>>> print(open('query.cif').read())   # mmCIF, C-alpha atoms and all ligand atoms
data_work
#
loop_
_atom_site.group_PDB
_atom_site.id
_atom_site.type_symbol
_atom_site.label_atom_id
_atom_site.label_comp_id
_atom_site.auth_asym_id
_atom_site.auth_seq_id
_atom_site.Cartn_x
_atom_site.Cartn_y
_atom_site.Cartn_z
ATOM 1 C CA MET A 24 -3.006 -1.718 -43.711
ATOM 2 C CA THR A 25 -4.508 -1.427 -47.160
ATOM 3 C CA LEU A 26 -7.497 0.848 -47.363
ATOM 4 C CA THR A 27 -10.202 -0.563 -49.605
ATOM 5 C CA PRO A 28 -13.578 0.664 -50.808
ATOM 6 C CA LEU A 29 -16.801 -0.539 -49.284
ATOM 7 C CA THR A 30 -18.532 -2.515 -52.047
ATOM 8 C CA LEU A 31 -22.282 -3.153 -52.036
ATOM 9 C CA ARG A 32 -23.711 -5.573 -54.591
ATOM 10 C CA HIS A 33 -27.384 -5.076 -55.244
ATOM 11 C CA GLN A 34 -30.234 -7.288 -56.352
ATOM 12 C CA HIS A 35 -31.012 -6.184 -59.845
ATOM 13 C CA ALA A 36 -32.916 -6.820 -63.011
ATOM 14 C CA PRO A 37 -30.879 -8.325 -65.859
ATOM 15 C CA VAL A 38 -28.885 -5.653 -67.658
ATOM 16 C CA ALA A 39 -26.705 -5.630 -70.738
ATOM 17 C CA ARG A 40 -22.986 -5.619 -70.099
ATOM 18 C CA ALA A 41 -22.035 -3.808 -73.268
ATOM 19 C CA ARG A 42 -21.968 -0.375 -71.639
ATOM 20 C CA LEU A 43 -21.266 0.748 -68.102
ATOM 21 C CA ALA A 44 -22.408 4.031 -66.578
ATOM 22 C CA LEU A 45 -20.533 5.131 -63.455
ATOM 23 C CA LEU A 46 -22.495 7.710 -61.504
ATOM 24 C CA ASP A 47 -21.496 9.855 -58.601
ATOM 25 C CA ARG A 48 -24.416 10.008 -56.156
ATOM 26 C CA ASP A 49 -24.593 13.319 -54.304
ATOM 27 C CA GLY A 50 -25.195 16.165 -56.751
ATOM 28 C CA VAL A 51 -26.088 13.736 -59.567
ATOM 29 C CA LEU A 52 -28.867 11.444 -58.290
ATOM 30 C CA VAL A 53 -29.694 13.243 -55.037
ATOM 31 C CA GLU A 54 -29.260 16.804 -53.859
ATOM 32 C CA ASN A 55 -26.063 17.756 -52.078
ATOM 33 C CA ARG A 56 -26.473 18.783 -48.455
ATOM 34 C CA ASP A 57 -24.392 21.122 -46.349
ATOM 35 C CA GLY A 58 -22.083 18.597 -44.796
ATOM 36 C CA TYR A 59 -23.303 15.187 -45.886
ATOM 37 C CA VAL A 60 -26.402 13.207 -46.727
ATOM 38 C CA ARG A 61 -26.617 11.603 -43.311
ATOM 39 C CA SER A 62 -30.206 10.511 -42.776
ATOM 40 C CA HIS A 63 -33.244 9.364 -44.710
ATOM 41 C CA ALA A 64 -34.683 12.865 -44.277
ATOM 42 C CA ASP A 65 -31.673 14.323 -46.121
ATOM 43 C CA VAL A 66 -32.431 12.296 -49.254
ATOM 44 C CA ALA A 67 -33.958 14.454 -52.013
ATOM 45 C CA ILE A 68 -34.009 12.820 -55.438
ATOM 46 C CA LEU A 69 -33.030 15.184 -58.269
ATOM 47 C CA PRO A 70 -35.709 15.024 -61.006
ATOM 48 C CA GLY A 71 -33.128 14.996 -63.798
ATOM 49 C CA GLY A 72 -31.211 12.313 -61.916
ATOM 50 C CA LEU A 73 -34.230 10.040 -61.841
ATOM 51 C CA GLN A 74 -35.040 10.750 -65.484
ATOM 52 C CA GLY A 75 -31.479 9.988 -66.534
ATOM 53 C CA LEU A 76 -31.502 6.745 -64.597
ATOM 54 C CA GLU A 77 -34.801 5.795 -66.232
ATOM 55 C CA ARG A 78 -33.239 6.484 -69.620
ATOM 56 C CA LEU A 79 -30.316 4.195 -68.740
ATOM 57 C CA ALA A 80 -32.697 1.517 -67.440
ATOM 58 C CA GLU A 81 -34.769 1.601 -70.643
ATOM 59 C CA ALA A 82 -31.601 1.116 -72.681
ATOM 60 C CA GLY A 83 -30.454 -1.750 -70.459
ATOM 61 C CA VAL A 84 -27.180 -0.080 -69.533
ATOM 62 C CA ALA A 85 -25.522 -1.398 -66.366
ATOM 63 C CA VAL A 86 -25.072 1.328 -63.756
ATOM 64 C CA VAL A 87 -22.725 1.534 -60.794
ATOM 65 C CA VAL A 88 -22.487 4.279 -58.191
ATOM 66 C CA VAL A 89 -19.046 5.575 -57.156
ATOM 67 C CA THR A 90 -19.248 7.849 -54.124
ATOM 68 C CA ASN A 91 -16.900 9.430 -51.590
ATOM 69 C CA GLN A 92 -18.392 9.306 -48.096
ATOM 70 C CA ALA A 93 -15.743 10.705 -45.768
ATOM 71 C CA CYS A 94 -18.533 11.180 -43.231
ATOM 72 C CA ILE A 95 -17.825 7.548 -42.275
ATOM 73 C CA ALA A 96 -14.127 8.132 -41.475
ATOM 74 C CA LYS A 97 -15.087 11.336 -39.675
ATOM 75 C CA SER A 98 -17.571 9.358 -37.533
ATOM 76 C CA ILE A 99 -20.347 11.756 -38.529
ATOM 77 C CA ILE A 100 -22.402 8.707 -39.328
ATOM 78 C CA SER A 101 -21.531 5.046 -38.896
ATOM 79 C CA ARG A 102 -20.778 2.752 -41.763
ATOM 80 C CA ASP A 103 -24.073 0.916 -41.129
ATOM 81 C CA GLN A 104 -26.001 4.202 -41.182
ATOM 82 C CA ALA A 105 -24.298 5.192 -44.443
ATOM 83 C CA ILE A 106 -25.345 1.869 -45.961
ATOM 84 C CA ALA A 107 -28.912 2.320 -44.676
ATOM 85 C CA VAL A 108 -29.097 5.820 -46.172
ATOM 86 C CA HIS A 109 -27.773 4.510 -49.482
ATOM 87 C CA GLU A 110 -30.327 1.716 -49.552
ATOM 88 C CA HIS A 111 -32.996 4.344 -48.920
ATOM 89 C CA VAL A 112 -31.697 6.290 -51.943
ATOM 90 C CA LEU A 113 -32.015 3.136 -54.062
ATOM 91 C CA ASP A 114 -35.558 2.539 -52.769
ATOM 92 C CA ARG A 115 -36.542 6.106 -53.570
ATOM 93 C CA LEU A 116 -35.270 5.670 -57.136
ATOM 94 C CA GLY A 117 -37.894 2.963 -57.567
ATOM 95 C CA ALA A 118 -37.768 0.633 -60.543
ATOM 96 C CA ALA A 119 -34.981 2.638 -62.184
ATOM 97 C CA GLY A 120 -32.856 2.074 -59.080
ATOM 98 C CA ARG A 121 -32.738 -1.617 -59.886
ATOM 99 C CA THR A 122 -30.521 -0.874 -62.857
ATOM 100 C CA ILE A 123 -27.794 -0.029 -60.298
ATOM 101 C CA VAL A 124 -25.855 -3.261 -59.979
ATOM 102 C CA ALA A 125 -23.282 -2.176 -57.412
ATOM 103 C CA THR A 126 -22.127 0.733 -55.302
ATOM 104 C CA TYR A 127 -18.511 1.580 -54.491
ATOM 105 C CA ILE A 128 -18.080 3.792 -51.445
ATOM 106 C CA CYS A 129 -14.820 5.364 -50.322
ATOM 107 C CA PRO A 130 -15.320 5.650 -46.546
ATOM 108 C CA HIS A 131 -11.963 7.393 -45.991
ATOM 109 C CA ARG A 132 -10.879 10.979 -45.461
ATOM 110 C CA ASP A 133 -8.170 12.903 -47.270
ATOM 111 C CA GLU A 134 -5.542 12.402 -44.577
ATOM 112 C CA GLN A 135 -5.692 8.629 -44.925
ATOM 113 C CA ARG A 136 -4.309 8.882 -48.468
ATOM 114 C CA CYS A 137 -6.268 5.868 -49.701
ATOM 115 C CA ALA A 138 -6.277 4.901 -53.369
ATOM 116 C CA CYS A 139 -10.061 5.065 -53.672
ATOM 117 C CA ARG A 140 -11.091 8.574 -52.656
ATOM 118 C CA LYS A 141 -11.806 10.553 -55.822
ATOM 119 C CA PRO A 142 -9.868 12.211 -57.500
ATOM 120 C CA ALA A 143 -7.832 8.993 -57.092
ATOM 121 C CA PRO A 144 -8.997 6.386 -59.612
ATOM 122 C CA GLY A 145 -9.476 3.477 -57.171
ATOM 123 C CA LEU A 146 -13.284 3.520 -57.019
ATOM 124 C CA VAL A 147 -13.614 3.706 -60.786
ATOM 125 C CA GLN A 148 -11.055 0.961 -61.246
ATOM 126 C CA ALA A 149 -12.772 -1.321 -58.726
ATOM 127 C CA ALA A 150 -16.015 -0.877 -60.657
ATOM 128 C CA LEU A 151 -14.326 -1.578 -63.988
ATOM 129 C CA ALA A 152 -12.642 -4.685 -62.570
ATOM 130 C CA ASP A 153 -15.990 -6.093 -61.435
ATOM 131 C CA HIS A 154 -17.862 -5.038 -64.587
ATOM 132 C CA PRO A 155 -15.365 -5.269 -67.396
ATOM 133 C CA VAL A 156 -16.194 -3.370 -70.573
ATOM 134 C CA ALA A 157 -13.978 -1.701 -73.128
ATOM 135 C CA LEU A 158 -12.901 1.684 -71.762
ATOM 136 C CA ALA A 159 -14.613 3.278 -74.776
ATOM 137 C CA ASP A 160 -17.895 1.747 -73.552
ATOM 138 C CA ALA A 161 -17.734 3.222 -70.048
ATOM 139 C CA PHE A 162 -18.586 6.770 -69.006
ATOM 140 C CA LEU A 163 -18.828 8.650 -65.738
ATOM 141 C CA VAL A 164 -21.191 11.402 -64.632
ATOM 142 C CA GLY A 165 -20.187 13.625 -61.714
ATOM 143 C CA ASP A 166 -20.709 17.049 -60.223
ATOM 144 C CA ALA A 167 -17.196 17.776 -58.948
ATOM 145 C CA ALA A 168 -13.725 18.225 -60.395
ATOM 146 C CA SER A 169 -12.662 15.160 -58.377
ATOM 147 C CA ASP A 170 -15.160 13.001 -60.310
ATOM 148 C CA ILE A 171 -13.857 14.204 -63.649
ATOM 149 C CA ALA A 172 -10.245 13.665 -62.533
ATOM 150 C CA ALA A 173 -11.005 10.077 -61.446
ATOM 151 C CA ALA A 174 -12.550 9.371 -64.855
ATOM 152 C CA SER A 175 -9.647 10.927 -66.725
ATOM 153 C CA ALA A 176 -7.097 9.006 -64.645
ATOM 154 C CA SER A 177 -8.951 5.799 -65.545
ATOM 155 C CA GLY A 178 -9.107 6.546 -69.253
ATOM 156 C CA ILE A 179 -12.887 6.942 -69.512
ATOM 157 C CA ARG A 180 -14.893 9.912 -70.758
ATOM 158 C CA SER A 181 -17.057 11.927 -68.425
ATOM 159 C CA TYR A 182 -19.875 14.416 -68.106
ATOM 160 C CA ALA A 183 -20.035 17.214 -65.513
ATOM 161 C CA VAL A 184 -23.560 18.137 -64.444
ATOM 162 C CA ARG A 185 -24.864 21.472 -63.189
ATOM 163 C CA THR A 186 -27.016 19.938 -60.418
ATOM 164 C CA GLY A 187 -24.132 19.907 -57.963
ATOM 165 C CA ARG A 188 -21.549 22.212 -56.522
ATOM 166 C CA ILE A 189 -19.539 23.256 -59.560
ATOM 167 C CA GLY A 190 -19.871 26.926 -60.388
ATOM 168 C CA GLU A 191 -19.953 28.090 -63.984
ATOM 169 C CA ALA A 192 -16.379 29.403 -63.814
ATOM 170 C CA GLU A 193 -15.027 26.053 -62.651
ATOM 171 C CA LEU A 194 -17.167 24.243 -65.215
ATOM 172 C CA ALA A 195 -15.701 26.412 -67.940
ATOM 173 C CA GLN A 196 -12.187 25.469 -66.798
ATOM 174 C CA MET A 197 -13.096 21.788 -66.976
ATOM 175 C CA ALA A 198 -14.627 21.996 -70.436
ATOM 176 C CA GLY A 199 -11.517 20.577 -72.104
ATOM 177 C CA ALA A 200 -11.504 17.462 -69.920
ATOM 178 C CA THR A 201 -15.203 16.663 -69.859
ATOM 179 C CA THR A 202 -18.586 17.357 -71.444
ATOM 180 C CA LEU A 203 -20.893 19.766 -69.622
ATOM 181 C CA ALA A 204 -24.573 18.868 -69.138
ATOM 182 C CA ASP A 205 -27.461 20.429 -67.228
ATOM 183 C CA ASP A 206 -28.305 17.237 -65.331
ATOM 184 C CA LEU A 207 -27.957 13.445 -65.507
ATOM 185 C CA ASP A 208 -30.763 13.176 -68.034
ATOM 186 C CA ALA A 209 -28.996 15.612 -70.362
ATOM 187 C CA ALA A 210 -25.680 13.802 -69.827
ATOM 188 C CA VAL A 211 -27.196 10.426 -70.744
ATOM 189 C CA ALA A 212 -28.923 11.973 -73.763
ATOM 190 C CA ALA A 213 -25.569 13.372 -74.889
ATOM 191 C CA GLU A 214 -23.880 10.012 -74.360
ATOM 192 C CA PHE A 215 -26.538 8.207 -76.387
ATOM 193 C CA ALA A 216 -26.357 10.831 -79.132
ATOM 194 C CA ARG A 217 -22.615 10.257 -79.225
ATOM 195 C CA ALA A 218 -22.522 6.478 -79.182
ATOM 196 C CA GLY A 219 -26.094 5.135 -79.406
ATOM 197 C CA PRO A 220 -27.920 3.502 -76.491
ATOM 198 C CA LEU A 221 -25.981 0.267 -76.867
ATOM 199 C CA ARG A 222 -23.163 -0.643 -79.169
ATOM 200 C CA GLY A 223 -23.453 -3.517 -81.643
HETATM 201 MG MG MG B 301 -20.987 14.696 -55.910
HETATM 202 ZN ZN ZN B 302 -10.850 5.441 -49.863
#
>>> encode(input="query.cif", output="structure tokens")
Amino acid sequence: MTLTPLTLRHQHAPVARARLALLDRDGVLVENRDGYVRSHADVAILPGGLQGLERLAEAGVAVVVVTNQACIAKSIISRDQAIAVHEHVLDRLGAAGRTIVATYICPHRDEQRCACRKPAPGLVQAALADHPVALADAFLVGDAASDIAAASASGIRSYAVRTGRIGEAELAQMAGATTLADDLDAAVAAEFARAGPLRG
């Protein structure tokens, strides 16, 4: 049996297709929890996450979320509950949340050896297949080495934020493969400084 990501396509405001931002969720948009974000009460929006998303929305950049949620395979929460929690995250992000055009969830656990669980590139590649842009016009923001590895394996640049679980020592080790940023807002600012809000 082929293991595939769970893909959610969201109602959204019109966005430009010239640039694609791929965002990890937990540790980038919302706070990590011990274990998993498993209920509405666990959802705490990171201020810099919201600000970064607002910056992307203002620039008209299309955004997708790419998130590992092994809690589904582990039956910690059901697939339907995971979707409900994610929709709550999008609601809590307000108007900026409508710039998120799709969400790609790996519901599997390590032992299943799927192609989508980061650091494998499957989630990123599913997003790029649905939202084709030049690889130079896509970037990923994550808070774990697995996020950065998935971006590198897909040929896109990345930013590692300090709002998640990476300690400074691990961040320093990753500095050659990614760009370090304090939070999503700082990562988006760095991306725009590098390449402008939209190309062309
Ligand atoms: Mg994360
Ligand atoms: Zn998977």
>>> residues_near_point(input="query.cif", point="(-36.1, 13.4, -66.4)", cutoff="12 Å", atoms="all atoms listed in the file", output="ChimeraX atom specification")
/A:52,68-79,119,205-212
>>> resolve_selection(input="query.cif", expression="the PyMOL selection byres (((not hetatm)) within 8 of (chain B and resi 302))", output="PyMOL selection string")
chain A and resi 26-28+91+128-132+135-141+145-146
>>> closest_residue(input="query.cif", among="A:His111, A:Lys97, A:His154, A:Arg61", to="A:Arg32", atoms="all atoms listed in the file")
A:His154
>>> closest_atom_pairs(input="query.cif", of="chain A", to="ligand MG 301 (chain B)", cutoff="10 Å", atoms="only C-alpha atoms and all ligand atoms", output="JSON lines")
{"residue": "A:Leu46", "atom": "CA", "partner": "B:MG301", "partner_atom": "MG", "distance": 9.1}
{"residue": "A:Asp47", "atom": "CA", "partner": "B:MG301", "partner_atom": "MG", "distance": 5.6}
{"residue": "A:Arg48", "atom": "CA", "partner": "B:MG301", "partner_atom": "MG", "distance": 5.8}
{"residue": "A:Asp49", "atom": "CA", "partner": "B:MG301", "partner_atom": "MG", "distance": 4.2}
{"residue": "A:Gly50", "atom": "CA", "partner": "B:MG301", "partner_atom": "MG", "distance": 4.5}
{"residue": "A:Val51", "atom": "CA", "partner": "B:MG301", "partner_atom": "MG", "distance": 6.3}
{"residue": "A:Leu52", "atom": "CA", "partner": "B:MG301", "partner_atom": "MG", "distance": 8.9}
{"residue": "A:Val53", "atom": "CA", "partner": "B:MG301", "partner_atom": "MG", "distance": 8.9}
{"residue": "A:Glu54", "atom": "CA", "partner": "B:MG301", "partner_atom": "MG", "distance": 8.8}
{"residue": "A:Asn55", "atom": "CA", "partner": "B:MG301", "partner_atom": "MG", "distance": 7.1}
{"residue": "A:Val89", "atom": "CA", "partner": "B:MG301", "partner_atom": "MG", "distance": 9.4}
{"residue": "A:Thr90", "atom": "CA", "partner": "B:MG301", "partner_atom": "MG", "distance": 7.3}
{"residue": "A:Asn91", "atom": "CA", "partner": "B:MG301", "partner_atom": "MG", "distance": 7.9}
{"residue": "A:Gln92", "atom": "CA", "partner": "B:MG301", "partner_atom": "MG", "distance": 9.8}
{"residue": "A:Val164", "atom": "CA", "partner": "B:MG301", "partner_atom": "MG", "distance": 9.3}
{"residue": "A:Gly165", "atom": "CA", "partner": "B:MG301", "partner_atom": "MG", "distance": 6.0}
{"residue": "A:Asp166", "atom": "CA", "partner": "B:MG301", "partner_atom": "MG", "distance": 4.9}
{"residue": "A:Ala167", "atom": "CA", "partner": "B:MG301", "partner_atom": "MG", "distance": 5.8}
{"residue": "A:Ala168", "atom": "CA", "partner": "B:MG301", "partner_atom": "MG", "distance": 9.2}
{"residue": "A:Ser169", "atom": "CA", "partner": "B:MG301", "partner_atom": "MG", "distance": 8.7}
{"residue": "A:Asp170", "atom": "CA", "partner": "B:MG301", "partner_atom": "MG", "distance": 7.5}
{"residue": "A:Ala183", "atom": "CA", "partner": "B:MG301", "partner_atom": "MG", "distance": 10.0}
{"residue": "A:Val184", "atom": "CA", "partner": "B:MG301", "partner_atom": "MG", "distance": 9.6}
{"residue": "A:Thr186", "atom": "CA", "partner": "B:MG301", "partner_atom": "MG", "distance": 9.2}
{"residue": "A:Gly187", "atom": "CA", "partner": "B:MG301", "partner_atom": "MG", "distance": 6.4}
{"residue": "A:Arg188", "atom": "CA", "partner": "B:MG301", "partner_atom": "MG", "distance": 7.6}
{"residue": "A:Ile189", "atom": "CA", "partner": "B:MG301", "partner_atom": "MG", "distance": 9.4}
>>> residues_around(input="query.cif", residues="A:Val124", least_positions_apart="2", cutoff="8 Å", atoms="only C-alpha atoms", output="PyMOL selection string")
chain A and resi 32-35+85-87+121-122+126
